[in-house]
file data.txt (compact mmCIF, C-alpha atoms)
# COMPACT_ATOMS: atom_id res chain seq x y z
CA MET W 1 1.69 -96.40 28.21
CA ASN W 2 0.74 -94.37 25.14
CA TYR W 3 -2.27 -95.42 23.06
CA PHE W 4 -2.29 -94.01 19.54
CA ILE W 5 -5.36 -95.14 17.61
CA ILE W 6 -4.83 -94.52 13.90
CA ASP W 7 -6.54 -94.81 10.58
CA LEU W 8 -5.21 -94.16 7.12
CA GLU W 9 -6.87 -93.42 3.82
CA ALA W 10 -5.03 -94.23 0.62
CA THR W 11 -5.34 -93.70 -3.11
CA CYS W 12 -7.76 -96.22 -4.56
CA TRP W 13 -9.49 -97.19 -7.78
CA GLY W 14 -12.71 -98.98 -8.63
CA ALA W 15 -12.67 -102.69 -9.45
CA ASP W 16 -12.87 -102.00 -13.20
CA ASN W 17 -9.73 -99.86 -13.32
CA VAL W 18 -6.07 -100.81 -13.43
CA GLN W 19 -4.58 -100.89 -9.96
CA HIS W 20 -1.72 -98.55 -9.14
CA LYS W 21 0.62 -98.27 -6.16
CA GLN W 22 -1.43 -97.10 -3.22
CA GLU W 23 -0.19 -94.09 -1.28
CA ILE W 24 -1.40 -92.68 2.01
CA ILE W 25 -3.52 -89.57 1.44
CA GLU W 26 -4.79 -89.02 4.98
CA ILE W 27 -3.69 -89.78 8.54
CA GLY W 28 -6.16 -89.59 11.39
CA ALA W 29 -5.24 -90.43 14.97
CA CYS W 30 -6.43 -90.18 18.55
CA TYR W 31 -4.34 -90.21 21.68
CA ILE W 32 -6.04 -92.10 24.51
CA ASN W 33 -4.79 -91.04 27.95
CA SER W 34 -4.58 -93.16 31.11
CA TYR W 35 -8.17 -92.20 31.97
CA MET W 36 -9.29 -93.82 28.69
CA GLU W 37 -10.30 -90.47 27.21
CA VAL W 38 -9.45 -89.04 23.80
CA GLU W 39 -7.02 -86.35 24.87
CA LYS W 40 -5.97 -85.05 21.46
CA THR W 41 -6.46 -85.78 17.77
CA PHE W 42 -4.42 -85.50 14.58
CA SER W 43 -5.75 -85.14 11.04
CA LYS W 44 -3.79 -84.30 7.90
CA ILE W 45 -4.21 -84.86 4.19
CA ILE W 46 -1.13 -85.89 2.21
CA LYS W 47 -0.28 -85.18 -1.42
CA PRO W 48 0.45 -88.45 -3.26
CA VAL W 49 3.45 -88.58 -5.58
CA ALA W 50 2.97 -91.56 -7.91
CA GLN W 51 -0.68 -90.78 -8.72
CA PRO W 52 -1.27 -87.13 -7.73
CA ILE W 53 -4.71 -87.05 -9.39
CA LEU W 54 -7.31 -88.89 -7.31
CA SER W 55 -9.59 -91.32 -9.11
CA VAL W 56 -13.28 -90.53 -9.26
CA TYR W 57 -13.83 -93.65 -7.16
CA CYS W 58 -11.43 -92.42 -4.45
CA LYS W 59 -13.01 -88.96 -4.32
CA GLN W 60 -16.49 -90.48 -4.04
CA LEU W 61 -15.45 -93.03 -1.42
CA THR W 62 -13.53 -90.66 0.88
CA GLY W 63 -15.04 -87.30 0.08
CA ILE W 64 -11.50 -85.92 -0.24
CA THR W 65 -11.39 -83.40 -3.08
CA GLN W 66 -8.67 -82.81 -5.63
CA VAL W 67 -8.37 -79.24 -4.32
CA GLU W 68 -7.56 -80.62 -0.84
CA ILE W 69 -4.97 -82.98 -2.35
CA ASP W 70 -3.40 -80.19 -4.43
CA LYS W 71 -3.02 -78.02 -1.30
CA ALA W 72 -1.71 -80.88 0.87
CA LYS W 73 1.85 -81.29 2.10
CA SER W 74 4.23 -84.14 1.28
CA PHE W 75 4.33 -87.46 3.11
CA ASN W 76 7.69 -86.55 4.68
CA PHE W 77 6.34 -83.24 6.00
CA VAL W 78 3.15 -84.77 7.42
CA MET W 79 5.04 -87.69 8.99
CA GLU W 80 7.30 -85.21 10.76
CA GLN W 81 4.18 -83.42 12.07
CA PHE W 82 2.61 -86.73 13.09
CA LEU W 83 5.68 -87.89 14.99
CA ASP W 84 5.93 -84.48 16.70
CA TRP W 85 2.24 -84.78 17.64
CA CYS W 86 2.97 -88.24 19.09
CA ASP W 87 5.75 -86.58 21.09
CA HIS W 88 8.12 -89.10 19.56
CA THR W 89 11.57 -88.43 20.89
CA ASP W 90 13.85 -91.37 21.61
CA GLU W 91 11.17 -93.94 22.35
CA PRO W 92 9.40 -95.73 19.50
CA ILE W 93 5.61 -95.57 19.56
CA SER W 94 2.91 -98.23 19.33
CA LEU W 95 -0.05 -97.89 16.98
CA TYR W 96 -3.49 -99.47 17.21
CA ALA W 97 -5.50 -99.82 14.01
CA TRP W 98 -8.35 -101.76 12.43
CA GLY W 99 -6.63 -104.38 10.28
CA ALA W 100 -3.14 -104.98 8.95
CA LYS W 101 -3.48 -102.78 5.85
CA ASP W 102 -2.42 -99.54 7.58
CA ARG W 103 0.85 -101.17 8.67
CA GLN W 104 1.49 -102.23 5.06
CA LEU W 105 0.77 -98.70 3.86
CA PHE W 106 3.15 -97.17 6.42
CA ASN W 107 5.86 -99.67 5.49
CA ALA W 108 5.49 -99.01 1.74
CA ASP W 109 5.29 -95.20 2.01
CA CYS W 110 8.15 -94.93 4.49
CA GLU W 111 10.30 -97.08 2.19
CA PHE W 112 9.24 -95.07 -0.89
CA HIS W 113 10.02 -91.76 0.85
CA ARG W 114 13.18 -93.10 2.53
CA ILE W 115 11.94 -92.70 6.07
CA GLY W 116 13.19 -95.29 8.56
CA MET W 117 10.66 -97.29 10.56
CA ASP W 118 12.57 -97.02 13.84
CA TRP W 119 9.82 -94.72 15.12
CA LEU W 120 7.42 -97.69 15.31
CA ARG W 121 7.72 -100.04 18.28
CA GLU W 122 4.64 -102.17 17.67
CA TYR W 123 1.53 -102.26 15.54
CA PHE W 124 -1.62 -103.85 16.93
CA ASP W 125 -4.32 -105.14 14.57
CA LEU W 126 -7.52 -104.67 16.57
CA LYS W 127 -9.68 -106.13 13.79
CA SER W 128 -8.31 -109.65 14.17
CA GLN W 129 -8.27 -109.32 17.96
CA PHE W 130 -11.92 -108.23 18.01
CA ALA W 131 -12.91 -111.33 16.01
CA ARG W 132 -11.07 -113.49 18.57
CA ILE W 133 -12.60 -111.67 21.56
CA LYS W 134 -16.12 -112.00 20.15
CA GLY W 135 -15.65 -115.56 18.89
CA LEU W 136 -16.41 -114.55 15.29
CA PRO W 137 -15.59 -116.97 12.47
CA LYS W 138 -13.68 -114.23 10.64
CA PRO W 139 -12.79 -110.55 11.13
CA ILE W 140 -15.46 -107.98 10.26
CA GLY W 141 -15.40 -104.33 9.20
CA LEU W 142 -15.37 -101.49 11.71
CA ASP W 143 -18.95 -100.49 10.79
CA LYS W 144 -20.22 -103.99 11.57
CA ALA W 145 -18.23 -104.16 14.80
CA LEU W 146 -19.67 -100.85 15.98
CA LYS W 147 -23.21 -101.99 15.12
CA LEU W 148 -22.62 -105.27 16.96
CA GLU W 149 -21.58 -103.25 20.02
CA GLU W 150 -24.46 -100.75 19.56
CA ILE W 151 -22.00 -97.87 19.18
CA ASP W 152 -23.20 -95.13 16.85
CA PHE W 153 -20.74 -94.15 14.12
CA GLU W 154 -19.94 -90.44 14.31
CA GLY W 155 -18.65 -88.44 11.35
CA GLY W 156 -18.03 -89.33 7.73
CA ARG W 157 -17.15 -92.87 6.74
CA HIS W 158 -13.87 -93.59 4.96
CA ARG W 159 -12.24 -90.55 6.53
CA ALA W 160 -9.23 -91.11 8.73
CA LEU W 161 -10.08 -89.04 11.82
CA PRO W 162 -13.74 -90.15 12.16
CA ASP W 163 -12.65 -93.77 11.73
CA ALA W 164 -9.95 -93.32 14.41
CA ILE W 165 -12.43 -91.64 16.77
CA ASN W 166 -14.96 -94.43 16.33
CA LEU W 167 -12.29 -97.11 16.74
CA SER W 168 -11.23 -95.35 19.95
CA LYS W 169 -14.69 -96.03 21.39
CA LEU W 170 -14.28 -99.74 20.71
CA PHE W 171 -10.69 -99.68 22.02
CA VAL W 172 -11.81 -98.16 25.33
CA LYS W 173 -14.77 -100.54 25.67
CA TYR W 174 -12.54 -103.61 25.34
CA PHE W 175 -9.37 -102.14 26.80
CA GLU W 176 -8.76 -105.04 29.20
CA ALA W 177 -9.28 -107.63 26.45
CA TRP W 178 -6.77 -106.43 23.83
CA ASP W 179 -3.39 -108.13 23.50
CA THR W 180 -1.14 -105.10 23.87
call {"tool": "encode", "arguments": {"input": "data.txt", "output": "structure tokens"}}
result
Amino acid sequence: MNYFIIDLEATCWGADNVQHKQEIIEIGACYINSYMEVEKTFSKIIKPVAQPILSVYCKQLTGITQVEIDKAKSFNFVMEQFLDWCDHTDEPISLYAWGAKDRQLFNADCEFHRIGMDWLREYFDLKSQFARIKGLPKPIGLDKALKLEEIDFEGGRHRALPDAINLSKLFVKYFEAWDT
């Protein structure tokens, strides 16, 4: 079985601003091997099309600069790289993420860029599963879950690869408990 732990960052705006269509601006992923080790990682920034200029809020939240966005490749190009990295050939892949939002972002961006979703077998929302496993009244953020488990967060927050790496720690810890 292949375990691809992913996190996405998307264009965003502060609460006071008009909301626009969100687009994925970063993909971060970890491949967990059968020994429950992070074997390889993937990290790419993507140039958005609808709103190519990041909001101040988005730059402050993620730390992604406009220069990085301007130099980034298209969603189609990065998705091709991501699927190659996943070694996606004829078999669809399964993704594990914190919450349902990343699935919605993939669906919307793949539709917008006319990429079929046949590459995706299943998407597992570990956020809702963690709440069930821990008997929590409602799902909590990844930061709170890591603190609850006394797992130190490594790297910058609101960046795709560090979030995927930290989620991988939680995934491995509760590997037997996830509904996969």
call {"tool": "closest_residue", "arguments": {"input": "data.txt", "among": "W:Ser43, W:Asn166, W:Ser55, W:Asn2", "to": "Phe153 of chain W", "atoms": "all atoms listed in the file"}}
result
W:Asn166
call {"tool": "atom_distance", "arguments": {"input": "data.txt", "atom1": "atom CA of Ser94 of chain W", "atom2": "atom CA of Glu9 of chain W"}}
result
19.0 Å
call {"tool": "residues_around", "arguments": {"input": "data.txt", "residues": "Phe106 of chain W", "least_positions_apart": "3", "cutoff": "9 Å", "atoms": "only C-alpha atoms", "output": "ChimeraX atom specification"}}
result
/W:8,23-24,101-103,109-111,117
call {"tool": "residues_near_point", "arguments": {"input": "data.txt", "point": "(-9.7, -105.5, 9.1)", "cutoff": "10 Å", "atoms": "all atoms listed in the file", "output": "PyMOL selection string"}}
result
chain W and resi 97-102+125-131+138-142
call {"tool": "axis_aligned_box", "arguments": {"input": "data.txt", "around": "segment 19-27 of chain W", "padding_each_side": "8 Å", "output": "AutoDock Vina command-line options"}}
result
--center_x -2.1 --center_y -95.0 --center_z -0.7 --size_x 21.4 --size_y 27.9 --size_z 34.5
call {"tool": "closest_residue", "arguments": {"input": "data.txt", "among": "W:Val78, W:Trp178, W:Ile93, W:Lys71", "to": "Tyr31 of chain W", "atoms": "all atoms listed in the file"}}
result
W:Ile93
call {"tool": "decode", "arguments": {"input": "data.txt", "residues": "segment 154-167 of chain W", "atoms": "N, CA, C and O atoms", "output": "PDB file, in the first residue's frame"}}
result
ATOM      1  N   GLU W 154       7.640  20.882  13.506  1.00  0.00           N
ATOM      2  CA  GLU W 154       8.913  21.237  12.881  1.00  0.00           C
ATOM      3  C   GLU W 154       8.647  22.035  11.614  1.00  0.00           C
ATOM      4  O   GLU W 154       7.775  21.683  10.832  1.00  0.00           O
ATOM      5  N   GLY W 155       9.406  23.101  11.409  1.00  0.00           N
ATOM      6  CA  GLY W 155       9.286  23.894  10.189  1.00  0.00           C
ATOM      7  C   GLY W 155       8.307  25.036  10.335  1.00  0.00           C
ATOM      8  O   GLY W 155       7.776  25.301  11.419  1.00  0.00           O
ATOM      9  N   GLY W 156       8.061  25.716   9.223  1.00  0.00           N
ATOM     10  CA  GLY W 156       7.169  26.865   9.218  1.00  0.00           C
ATOM     11  C   GLY W 156       5.714  26.457   9.085  1.00  0.00           C
ATOM     12  O   GLY W 156       5.373  25.567   8.315  1.00  0.00           O
ATOM     13  N   ARG W 157       4.867  27.118   9.851  1.00  0.00           N
ATOM     14  CA  ARG W 157       3.436  26.843   9.787  1.00  0.00           C
ATOM     15  C   ARG W 157       2.837  27.430   8.511  1.00  0.00           C
ATOM     16  O   ARG W 157       3.341  28.398   7.965  1.00  0.00           O
ATOM     17  N   HIS W 158       1.755  26.831   8.079  1.00  0.00           N
ATOM     18  CA  HIS W 158       1.052  27.248   6.857  1.00  0.00           C
ATOM     19  C   HIS W 158       1.945  27.146   5.618  1.00  0.00           C
ATOM     20  O   HIS W 158       1.816  27.941   4.694  1.00  0.00           O
ATOM     21  N   ARG W 159       2.824  26.175   5.638  1.00  0.00           N
ATOM     22  CA  ARG W 159       3.601  25.795   4.462  1.00  0.00           C
ATOM     23  C   ARG W 159       3.321  24.321   4.223  1.00  0.00           C
ATOM     24  O   ARG W 159       3.246  23.523   5.162  1.00  0.00           O
ATOM     25  N   ALA W 160       3.174  23.964   2.971  1.00  0.00           N
ATOM     26  CA  ALA W 160       2.678  22.639   2.617  1.00  0.00           C
ATOM     27  C   ALA W 160       3.594  21.496   3.067  1.00  0.00           C
ATOM     28  O   ALA W 160       3.117  20.533   3.670  1.00  0.00           O
ATOM     29  N   LEU W 161       4.885  21.569   2.784  1.00  0.00           N
ATOM     30  CA  LEU W 161       5.757  20.451   3.147  1.00  0.00           C
ATOM     31  C   LEU W 161       5.902  20.303   4.663  1.00  0.00           C
ATOM     32  O   LEU W 161       5.747  19.185   5.172  1.00  0.00           O
ATOM     33  N   PRO W 162       6.181  21.371   5.425  1.00  0.00           N
ATOM     34  CA  PRO W 162       6.236  21.172   6.879  1.00  0.00           C
ATOM     35  C   PRO W 162       4.932  20.611   7.453  1.00  0.00           C
ATOM     36  O   PRO W 162       4.956  19.750   8.338  1.00  0.00           O
ATOM     37  N   ASP W 163       3.792  21.088   6.959  1.00  0.00           N
ATOM     38  CA  ASP W 163       2.521  20.550   7.444  1.00  0.00           C
ATOM     39  C   ASP W 163       2.398  19.059   7.107  1.00  0.00           C
ATOM     40  O   ASP W 163       1.942  18.266   7.934  1.00  0.00           O
ATOM     41  N   ALA W 164       2.805  18.656   5.903  1.00  0.00           N
ATOM     42  CA  ALA W 164       2.747  17.237   5.523  1.00  0.00           C
ATOM     43  C   ALA W 164       3.707  16.402   6.371  1.00  0.00           C
ATOM     44  O   ALA W 164       3.360  15.290   6.797  1.00  0.00           O
ATOM     45  N   ILE W 165       4.883  16.920   6.643  1.00  0.00           N
ATOM     46  CA  ILE W 165       5.857  16.201   7.476  1.00  0.00           C
ATOM     47  C   ILE W 165       5.313  16.014   8.888  1.00  0.00           C
ATOM     48  O   ILE W 165       5.392  14.922   9.458  1.00  0.00           O
ATOM     49  N   ASN W 166       4.747  17.065   9.449  1.00  0.00           N
ATOM     50  CA  ASN W 166       4.200  16.966  10.805  1.00  0.00           C
ATOM     51  C   ASN W 166       2.975  16.057  10.850  1.00  0.00           C
ATOM     52  O   ASN W 166       2.810  15.282  11.797  1.00  0.00           O
ATOM     53  N   LEU W 167       2.135  16.108   9.842  1.00  0.00           N
ATOM     54  CA  LEU W 167       0.995  15.193   9.771  1.00  0.00           C
ATOM     55  C   LEU W 167       1.472  13.751   9.642  1.00  0.00           C
ATOM     56  O   LEU W 167       0.849  12.841  10.202  1.00  0.00           O
TER      57      LEU W 167
END
